[in-house]
Structures are given as C-alpha cells and as structure tokens.
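Worksheet: the structure to be examined is printed underneath.
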Amino acid sequence: MLTKPFAELNSYVLYLRSVEFPVLRRTALELNALKEDEDNVSARQIAGCVLQDPLMALKLMIHLQRNRSTTQNHDITTIERAIMMLGVTPFFRRFGEIPTVEDQLANHPRALLGVLKVITRAKRAAYFARDWALHRHDIDVDEITVAALLHEVAEILCWCFAPDLVQQAFALQRANPGMRSSAAQKGTMGIAIPDLQLALVREYSLPELLITLMDPQRTDNPRVRTVLLACDLARHSANGWDDPALPDDFRAIGDLLRMDVGHVMQRVGVPADAPVLQLGDPPAPTEDA
C-alpha cells in the first residue's frame with residue numbers, strides 16, 4: 001500500500017507495473033467453477049466472466065502481450081480472441097490462484113466501497129459503448145467494449161494500492177466546491193489519474209488500437225467518441241440523473257448516434273420522472289403508449 005505520494009508519474013507507473021493485481025472475489029469464484037468443467041468450457045464462456053471485471057480483463061491482456069509469440073503478426077484486441085489464442089487449459093493454469101480485491105482492501109472498507117463503485121461504473125460504460133457500437137454497425141463491437149471497460153483501470157488500481165491518497169483527493173475536492181478532480185488529485189497524489197491511465201496502458205504494451213480508443217485527443221474518430229462518451233455518461237449518471245453535465249452528454253451522444261435527445265435518454269434508461277427530463281427533449285413515446 002502506498003501511503004505517501006511519489007514525486008513523479010513514472011514512479012507510479014513502475015510501481016503499478018510491479019504489483020500483482022487482484023480481481024473481484026466473484027470473478028475468482030466463477031473462474032474456479034468453470035475450471036471444474038474445463039473440458040466442456042468454451043472461450044466465450046470464460047470471456048463472459050472476464051468481461052465483468054476490468055481488472056481480470058487487464059491481467060489477461062497484459063499476460064498475452066508479455067508472452068507474445070515472435071510469429072504473431074497482429075494484435076489481439078478482444079477478450080474472447082485472447083482466450084482462444086492462449087488456450088482454455090493454459091488460461092486456467094496461469095490464472096488459477098488470484099488475489100482478490102476484497103482481501104486486498106479488507107482493512108480499508110471505505111476504499112473497498114470506492115473501488116466497487118468505479119468497477120460498476122466501468123462495466124456500465126462498457127454496456128453503453130457496446131450498445132452504441134451495435135447501433136452504429138461498428139466494425140468490431142468487442143474492441144469498443146474492451147476499451148470502455150479498461151478506461152478506468154488507473155483509478156481502480158489507485159483505489160487498490162493507494163486508497164488513502166485517493167480518499168485524500170476526494171476529501172480535498174469536497175472541501176473546495178468547484179475544484180476539478182484532476183487538480184485535487186495533483187494536490188494530494190502529485191499526478192492526475194487520467195495522465196496515469198494513458199501512461200499505464202502504454203507501459204503495459206496494450207494493443208495500439210485499444211490505446212487509441214481510450215485517447216481523449218482522438219475525438220475526431222467516432223469509435224473513440226463512442227468509448228469516451230460512454231465513460232462520461234457512466235461517470236455523470238453515477239451521481240444521479242440530475243447531474244448538471246448530463247444534458248451535454250445526451251446532446252453529444254445524439255450527435256454520435258444521429259438520434260434526438262429524447263430517444264437517447266430513453267435508450268440509456270433515464271426514468272420518465274427523472275429531474276433531468278426538464279433539461280432535455282422528452283423521451284419519444286413507446287409503442288405501447
């Protein structure tokens with residue numbers, strides 16, 4: 001556990017490169033259950049479990065990149081293809097014993113709650129991104145899903161390995177209404193977590209396509225916008241449907257999907273009586289109306 005901030009971004013990167021990531025206890029239990037029937041388990045079944053846990057997805061992608069064959073001439077950018085490349089038996093052999101988030105943060109209950117919220121947010125972002133990619137007839141929906149799922153891994157890892165520092169950043173932000181989260185993070189951790197995110201995915205040598213899909217400087221690309229808008233919506237809606245940033249999110253998503261704001265709100269599941277409705281177009285009536 002880090003209790004004092006490092007002096008520079010690279011020190012965080014090197015530290016997080018050296019540690020063994022935990023996964024959700026539920027993931028470990030589900031993988032153990034699948035292993036019991038290893039001979040009849042498919043890569044798709046394992047992928048379904050992995051895609052419920054951004055930390056497990058990250059562990060798999062890092063392992064694949066670090067053990068890349070010299071004959072492999074293309075990047076593996078989806079979880080199912082990664083498992084197929086590795087093989088079911090080697091997968092279970094490599095990931096048979098994994099530490100869990102719950103054990104890692106057993107003495108930090110507030111941090112455990114914090115990291116579970118971020119993981120839920122990441123899964124929600126992946127759900128949104130996948131839905132919109134399907135609507136847009138994206139060339140590879142699974143790539144979009146993985147990029148959105150991994151977009152929050154730096155914050156997740158900070159909660160796991162530097163919980164006191166992250167909580168100090170949130171406390172500073174609460175004490176100074178209007179302070180941006182990046183400023184609060186720099187004030188307590190010496191870095192901004194979004195900067196750590198980009199540095200980490202490059203340090204882990206993730207496929208360049210996935211890195212591009214997470215890059216906020218590439219919003220000219222509609223695939224990148226799909227990922228980033230899904231993450232924005234997941235983050236803002238986690239504060240409630242009355243979050244003041246949501247109307248702008250809905251309008252941007254509408255531009256991406258070529259859909260009016262009302263249909264966007266309906267598609268993402270905004271309740272009909274949510275306070276945010278007065279800030280945007282009313283949802284279109286359903287067929288039953």
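Please note that chains go A, B, ... in the order of the structure tokens, that every chain numbers its residues from 1, and that ligands are numbered from 1 in the order shown.
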How would you write, as a VMD selection string, the set of residues in stretch 161-286 of chain A that DSSP gives as helix (DSSP H, G or I)? chain A and resid 161 163 to 175 181 to 189 193 to 203 208 to 213 216 to 218 222 to 237 246 to 257 261 to 267 275 to 279
Counting only C-alpha atoms, which residues of stretch 146-232 of chain A sit at most 7 Å from some atom of stretch 102-121 of chain A, and what is each one's closest atom pair with its distance in Å to one decimal, listed by chain and rising residue number, as CSV?
residue,atom,partner,partner_atom,distance
A:Ile156,CA,A:Val115,CA,5.7
A:Trp159,CA,A:Val115,CA,5.6
A:Cys160,CA,A:Leu105,CA,6.8
A:Pro163,CA,A:Ala111,CA,5.6
All heavy atoms of the current selection, written as a PDB file, in the first residue's frame:
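Once written, again37.pdb looks like this:
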ATOM      1  N   ILE A 156      -9.039   2.486 -10.642  1.00  0.00           N
ATOM      2  CA  ILE A 156      -9.286   1.239  -9.911  1.00  0.00           C
ATOM      3  C   ILE A 156      -8.017   0.783  -9.188  1.00  0.00           C
ATOM      4  O   ILE A 156      -8.045   0.414  -8.006  1.00  0.00           O
ATOM      5  CB  ILE A 156      -9.788   0.142 -10.874  1.00  0.00           C
ATOM      6  CG1 ILE A 156     -11.183   0.497 -11.400  1.00  0.00           C
ATOM      7  CG2 ILE A 156      -9.823  -1.222 -10.172  1.00  0.00           C
ATOM      8  CD1 ILE A 156     -11.659  -0.400 -12.522  1.00  0.00           C
ATOM      9  N   TRP A 159      -7.243   2.950  -6.168  1.00  0.00           N
ATOM     10  CA  TRP A 159      -8.073   2.575  -5.013  1.00  0.00           C
ATOM     11  C   TRP A 159      -7.503   1.323  -4.341  1.00  0.00           C
ATOM     12  O   TRP A 159      -7.515   1.195  -3.114  1.00  0.00           O
ATOM     13  CB  TRP A 159      -9.505   2.311  -5.453  1.00  0.00           C
ATOM     14  CG  TRP A 159     -10.391   3.502  -5.539  1.00  0.00           C
ATOM     15  CD1 TRP A 159     -10.936   4.054  -6.664  1.00  0.00           C
ATOM     16  CD2 TRP A 159     -10.887   4.294  -4.456  1.00  0.00           C
ATOM     17  NE1 TRP A 159     -11.714   5.147  -6.345  1.00  0.00           N
ATOM     18  CE2 TRP A 159     -11.700   5.307  -4.996  1.00  0.00           C
ATOM     19  CE3 TRP A 159     -10.704   4.248  -3.074  1.00  0.00           C
ATOM     20  CZ2 TRP A 159     -12.357   6.265  -4.210  1.00  0.00           C
ATOM     21  CZ3 TRP A 159     -11.342   5.196  -2.282  1.00  0.00           C
ATOM     22  CH2 TRP A 159     -12.153   6.190  -2.842  1.00  0.00           C
ATOM     23  N   CYS A 160      -6.986   0.387  -5.144  1.00  0.00           N
ATOM     24  CA  CYS A 160      -6.485  -0.870  -4.588  1.00  0.00           C
ATOM     25  C   CYS A 160      -5.148  -0.706  -3.870  1.00  0.00           C
ATOM     26  O   CYS A 160      -4.904  -1.360  -2.841  1.00  0.00           O
ATOM     27  CB  CYS A 160      -6.325  -1.913  -5.700  1.00  0.00           C
ATOM     28  SG  CYS A 160      -7.876  -2.556  -6.356  1.00  0.00           S
ATOM     29  N   PRO A 163      -5.168   3.630  -1.421  1.00  0.00           N
ATOM     30  CA  PRO A 163      -6.513   4.058  -1.019  1.00  0.00           C
ATOM     31  C   PRO A 163      -6.526   5.345  -0.198  1.00  0.00           C
ATOM     32  O   PRO A 163      -7.415   6.180  -0.368  1.00  0.00           O
ATOM     33  CB  PRO A 163      -7.045   2.867  -0.211  1.00  0.00           C
ATOM     34  CG  PRO A 163      -5.819   2.127   0.253  1.00  0.00           C
ATOM     35  CD  PRO A 163      -4.828   2.300  -0.852  1.00  0.00           C
TER      36      PRO A 163
END
Neighbouring residues of stretch 8-11 of chain A were defined as those with any atom within 9 Å, considering only C-alpha atoms; residues of the same chain fewer than 5 positions away were excluded. Please report them as JSON, numbers by chain. {"A": [16, 190, 191, 192, 195, 196, 199]}
When you count only C-alpha atoms, which of these residues is closest to A:Pro207: A:Thr219, A:Asn40, A:Gln65, A:Thr226?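 Among the listed residues, the smallest separation from A:Pro207 belongs to A:Gln65.
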Atom CA of A:Leu51 to atom CA of A:Arg25: how many Å, to one decimal? 14.2 Å
Just the residues within 9 Å of A:Lys4, please, counting only C-alpha atoms, with nothing from its chain fewer than 6 positions along; format it as a PyMOL selection string. chain A and resi 162+164-165+189
Please save C-alpha atoms of the selected residues as a compact mmCIF listing (two decimals), in the first residue's frame.
# COMPACT_ATOMS: atom_id res chain seq x y z
CA ALA A 162 -3.11 3.84 -2.71
CA ASP A 164 -5.50 6.73 1.49
CA LEU A 165 -4.19 9.03 -1.24
CA MET A 189 -1.10 12.45 -5.21
Using only C-alpha atoms, which of the listed residues (A:Ile144, A:Ala154, A:Ala7, A:Ala274) sits closest to A:Ala230?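 Closest to A:Ala230 of all the choices is A:Ile144.
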Would you please work out which residue, of A:Ala238, A:Leu64, A:Val270, A:Leu150, is nearest to A:Arg94 when using only C-alpha atoms?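 Smallest separation from A:Arg94 among the options: A:Leu64.
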Pick the closest to A:Asp220 from A:Lys186, A:Leu34, A:Leu246, A:Leu256: which is it, counting only C-alpha atoms?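 Answer, going by the shortest atom-to-atom distance: A:Leu256.
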One-decimal distance in Å that lies between atom CA of A:Pro222 and atom CA of A:Asp248: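 These two atoms are separated by 16.9 Å.
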Give me, please, the distance in Å between atom CA of A:Asp242 and atom CA of A:Pro275, quoted to one decimal.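 One can read the atom CA of A:Asp242 to atom CA of A:Pro275 distance as 5.5 Å.
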I'd like the neighbourhood of A:Arg26 as a PDB file with all heavy atoms, in the first residue's frame, where a residue qualifies if any of its atoms comes within 9 Å (using only C-alpha atoms), though same-chain residues fewer than 4 positions away should be ignored.
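Writing done, so here's result-v3.pdb:
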ATOM      1  N   GLU A  30     -16.146 -17.626  -9.912  1.00  0.00           N
ATOM      2  CA  GLU A  30     -16.743 -18.064 -11.174  1.00  0.00           C
ATOM      3  C   GLU A  30     -15.720 -18.783 -12.049  1.00  0.00           C
ATOM      4  O   GLU A  30     -16.051 -19.786 -12.700  1.00  0.00           O
ATOM      5  CB  GLU A  30     -17.342 -16.874 -11.915  1.00  0.00           C
ATOM      6  CG  GLU A  30     -18.602 -16.330 -11.257  1.00  0.00           C
ATOM      7  CD  GLU A  30     -19.257 -15.218 -12.068  1.00  0.00           C
ATOM      8  OE1 GLU A  30     -18.735 -14.884 -13.151  1.00  0.00           O
ATOM      9  OE2 GLU A  30     -20.280 -14.687 -11.611  1.00  0.00           O
ATOM     10  N   LEU A  31     -14.487 -18.285 -12.058  1.00  0.00           N
ATOM     11  CA  LEU A  31     -13.450 -18.959 -12.840  1.00  0.00           C
ATOM     12  C   LEU A  31     -13.141 -20.334 -12.258  1.00  0.00           C
ATOM     13  O   LEU A  31     -12.918 -21.304 -13.002  1.00  0.00           O
ATOM     14  CB  LEU A  31     -12.183 -18.107 -12.892  1.00  0.00           C
ATOM     15  CG  LEU A  31     -12.271 -16.839 -13.756  1.00  0.00           C
ATOM     16  CD1 LEU A  31     -10.978 -16.041 -13.667  1.00  0.00           C
ATOM     17  CD2 LEU A  31     -12.578 -17.186 -15.210  1.00  0.00           C
ATOM     18  N   THR A 100      -7.676 -11.321  -4.343  1.00  0.00           N
ATOM     19  CA  THR A 100      -8.955 -10.644  -4.579  1.00  0.00           C
ATOM     20  C   THR A 100      -8.943  -9.223  -4.028  1.00  0.00           C
ATOM     21  O   THR A 100      -8.218  -8.903  -3.085  1.00  0.00           O
ATOM     22  CB  THR A 100     -10.121 -11.408  -3.936  1.00  0.00           C
ATOM     23  OG1 THR A 100     -10.012 -11.343  -2.507  1.00  0.00           O
ATOM     24  CG2 THR A 100     -10.150 -12.861  -4.399  1.00  0.00           C
TER      25      THR A 100
END
Could you pull the residues within 12 Å of A:Ala148, counting only C-alpha atoms, minus those fewer than 5 positions along the same chain, as a tab-separated table (two decimals) with N, CA, C and O atoms, in the first residue's frame?
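Saved the output as result13.tsv:
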chain	number	residue	atom	x	y	z
A	51	LEU	N	-15.21	-10.33	-18.79
A	51	LEU	CA	-15.74	-9.02	-19.16
A	51	LEU	C	-16.59	-8.38	-18.07
A	51	LEU	O	-17.03	-7.24	-18.23
A	53	ASP	N	-15.22	-7.91	-15.16
A	53	ASP	CA	-14.21	-7.47	-14.20
A	53	ASP	C	-13.06	-6.79	-14.96
A	53	ASP	O	-12.24	-7.47	-15.58
A	54	PRO	N	-12.99	-5.46	-14.93
A	54	PRO	CA	-11.91	-4.78	-15.67
A	54	PRO	C	-10.51	-5.20	-15.23
A	54	PRO	O	-9.59	-5.22	-16.06
A	57	ALA	N	-9.76	-8.48	-16.94
A	57	ALA	CA	-9.54	-8.21	-18.37
A	57	ALA	C	-8.15	-7.64	-18.59
A	57	ALA	O	-7.43	-8.02	-19.53
A	58	LEU	N	-7.74	-6.72	-17.70
A	58	LEU	CA	-6.41	-6.13	-17.82
A	58	LEU	C	-5.32	-7.19	-17.60
A	58	LEU	O	-4.33	-7.23	-18.34
A	78	THR	N	-9.52	-8.32	-28.39
A	78	THR	CA	-10.75	-8.66	-27.68
A	78	THR	C	-10.48	-9.80	-26.70
A	78	THR	O	-9.51	-10.55	-26.85
A	119	ILE	N	-15.62	0.16	-10.44
A	119	ILE	CA	-15.76	-1.04	-11.28
A	119	ILE	C	-17.16	-1.12	-11.87
A	119	ILE	O	-17.34	-1.45	-13.05
A	121	ARG	N	-19.04	1.39	-12.48
A	121	ARG	CA	-19.08	2.45	-13.49
A	121	ARG	C	-18.41	1.99	-14.79
A	121	ARG	O	-18.91	2.24	-15.89
A	122	ALA	N	-17.29	1.28	-14.67
A	122	ALA	CA	-16.59	0.78	-15.85
A	122	ALA	C	-17.44	-0.23	-16.61
A	122	ALA	O	-17.50	-0.23	-17.85
A	123	LYS	N	-18.11	-1.11	-15.88
A	123	LYS	CA	-18.98	-2.10	-16.52
A	123	LYS	C	-20.16	-1.42	-17.20
A	123	LYS	O	-20.57	-1.81	-18.29
A	124	ARG	N	-20.67	-0.38	-16.57
A	124	ARG	CA	-21.79	0.36	-17.16
A	124	ARG	C	-21.33	1.08	-18.43
A	124	ARG	O	-22.05	1.11	-19.44
A	125	ALA	N	-20.14	1.66	-18.40
A	125	ALA	CA	-19.60	2.31	-19.59
A	125	ALA	C	-19.43	1.30	-20.73
A	125	ALA	O	-19.73	1.60	-21.89
A	126	ALA	N	-18.96	0.10	-20.40
A	126	ALA	CA	-18.79	-0.94	-21.42
A	126	ALA	C	-20.13	-1.32	-22.03
A	126	ALA	O	-20.24	-1.56	-23.24
A	127	TYR	N	-21.17	-1.37	-21.17
A	127	TYR	CA	-22.51	-1.69	-21.66
A	127	TYR	C	-23.01	-0.61	-22.63
A	127	TYR	O	-23.51	-0.91	-23.72
A	128	PHE	N	-22.86	0.66	-22.23
A	128	PHE	CA	-23.29	1.75	-23.10
A	128	PHE	C	-22.52	1.71	-24.42
A	128	PHE	O	-23.12	1.82	-25.51
A	129	ALA	N	-21.21	1.58	-24.33
A	129	ALA	CA	-20.38	1.62	-25.54
A	129	ALA	C	-20.73	0.48	-26.49
A	129	ALA	O	-20.80	0.68	-27.71
A	130	ARG	N	-20.98	-0.69	-25.93
A	130	ARG	CA	-21.34	-1.83	-26.78
A	130	ARG	C	-22.68	-1.59	-27.49
A	130	ARG	O	-22.82	-1.86	-28.69
A	131	ASP	N	-23.64	-1.07	-26.74
A	131	ASP	CA	-24.95	-0.80	-27.32
A	131	ASP	C	-24.85	0.21	-28.45
A	131	ASP	O	-25.43	0.01	-29.53
A	132	TRP	N	-24.09	1.26	-28.24
A	132	TRP	CA	-23.98	2.29	-29.28
A	132	TRP	C	-23.16	1.79	-30.46
A	132	TRP	O	-23.45	2.15	-31.61
A	133	ALA	N	-22.16	0.96	-30.20
A	133	ALA	CA	-21.37	0.39	-31.30
A	133	ALA	C	-22.25	-0.51	-32.17
A	133	ALA	O	-22.13	-0.51	-33.41
A	141	VAL	N	-17.44	-4.62	-32.50
A	141	VAL	CA	-18.11	-4.18	-31.28
A	141	VAL	C	-17.31	-4.59	-30.04
A	141	VAL	O	-17.24	-3.85	-29.05
A	142	ASP	N	-16.69	-5.76	-30.08
A	142	ASP	CA	-15.96	-6.25	-28.92
A	142	ASP	C	-14.77	-5.37	-28.57
A	142	ASP	O	-14.42	-5.22	-27.40
A	143	GLU	N	-14.11	-4.79	-29.57
A	143	GLU	CA	-13.00	-3.88	-29.30
A	143	GLU	C	-13.47	-2.66	-28.53
A	143	GLU	O	-12.83	-2.20	-27.59
A	153	VAL	N	-9.07	1.80	-15.46
A	153	VAL	CA	-8.21	0.90	-14.68
A	153	VAL	C	-7.22	1.65	-13.79
A	153	VAL	O	-6.86	1.16	-12.71
A	210	LEU	N	-6.39	-0.37	-28.90
A	210	LEU	CA	-7.09	-0.13	-27.64
A	210	LEU	C	-6.63	1.17	-27.00
A	210	LEU	O	-7.43	1.91	-26.43
A	211	ILE	N	-5.33	1.45	-27.08
A	211	ILE	CA	-4.82	2.70	-26.54
A	211	ILE	C	-5.44	3.89	-27.27
A	211	ILE	O	-5.85	4.88	-26.65
A	212	THR	N	-5.52	3.79	-28.59
A	212	THR	CA	-6.13	4.86	-29.38
A	212	THR	C	-7.58	5.06	-29.00
A	212	THR	O	-8.05	6.21	-28.87
A	213	LEU	N	-8.32	3.98	-28.78
A	213	LEU	CA	-9.74	4.08	-28.44
A	213	LEU	C	-9.96	4.74	-27.08
A	213	LEU	O	-11.06	5.22	-26.80
A	214	MET	N	-8.92	4.78	-26.23
A	214	MET	CA	-9.03	5.41	-24.92
A	214	MET	C	-8.43	6.82	-24.89
A	214	MET	O	-8.41	7.45	-23.85
A	215	ASP	N	-7.95	7.29	-26.02
A	215	ASP	CA	-7.19	8.54	-26.06
A	215	ASP	C	-8.11	9.74	-26.25
A	215	ASP	O	-8.73	9.90	-27.31
A	223	ARG	N	-15.26	6.10	-33.28
A	223	ARG	CA	-15.10	4.95	-32.39
A	223	ARG	C	-14.56	5.43	-31.04
A	223	ARG	O	-14.98	4.94	-29.99
A	224	VAL	N	-13.63	6.36	-31.07
A	224	VAL	CA	-13.09	6.92	-29.82
A	224	VAL	C	-14.18	7.68	-29.09
A	224	VAL	O	-14.33	7.56	-27.86
A	225	ARG	N	-14.99	8.46	-29.82
A	225	ARG	CA	-16.07	9.20	-29.18
A	225	ARG	C	-17.07	8.25	-28.53
A	225	ARG	O	-17.62	8.55	-27.47
A	226	THR	N	-17.30	7.11	-29.13
A	226	THR	CA	-18.20	6.12	-28.55
A	226	THR	C	-17.71	5.70	-27.17
A	226	THR	O	-18.47	5.66	-26.19
A	227	VAL	N	-16.42	5.41	-27.05
A	227	VAL	CA	-15.84	4.98	-25.79
A	227	VAL	C	-15.87	6.11	-24.76
A	227	VAL	O	-16.32	5.94	-23.61
A	228	LEU	N	-15.41	7.29	-25.17
A	228	LEU	CA	-15.29	8.39	-24.22
A	228	LEU	C	-16.65	8.89	-23.75
A	228	LEU	O	-16.83	9.20	-22.56
A	229	LEU	N	-17.62	8.96	-24.65
A	229	LEU	CA	-18.96	9.41	-24.25
A	229	LEU	C	-19.62	8.38	-23.33
A	229	LEU	O	-20.36	8.75	-22.41
A	230	ALA	N	-19.37	7.10	-23.57
A	230	ALA	CA	-19.92	6.06	-22.69
A	230	ALA	C	-19.34	6.20	-21.29
A	230	ALA	O	-20.05	6.07	-20.29
A	231	CYS	N	-18.04	6.49	-21.22
A	231	CYS	CA	-17.41	6.67	-19.90
A	231	CYS	C	-17.91	7.93	-19.22
A	231	CYS	O	-18.15	7.95	-18.00
A	232	ASP	N	-18.10	9.01	-19.99
A	232	ASP	CA	-18.64	10.25	-19.42
A	232	ASP	C	-20.04	10.01	-18.85
A	232	ASP	O	-20.36	10.44	-17.74
A	233	LEU	N	-20.88	9.33	-19.64
A	233	LEU	CA	-22.25	9.10	-19.20
A	233	LEU	C	-22.28	8.22	-17.95
A	233	LEU	O	-23.04	8.49	-17.01
A	234	ALA	N	-21.45	7.18	-17.92
A	234	ALA	CA	-21.41	6.31	-16.74
A	234	ALA	C	-20.96	7.08	-15.51
A	234	ALA	O	-21.53	6.91	-14.42
A	235	ARG	N	-19.98	7.95	-15.67
A	235	ARG	CA	-19.46	8.71	-14.53
A	235	ARG	C	-20.49	9.73	-14.04
A	235	ARG	O	-20.75	9.84	-12.84
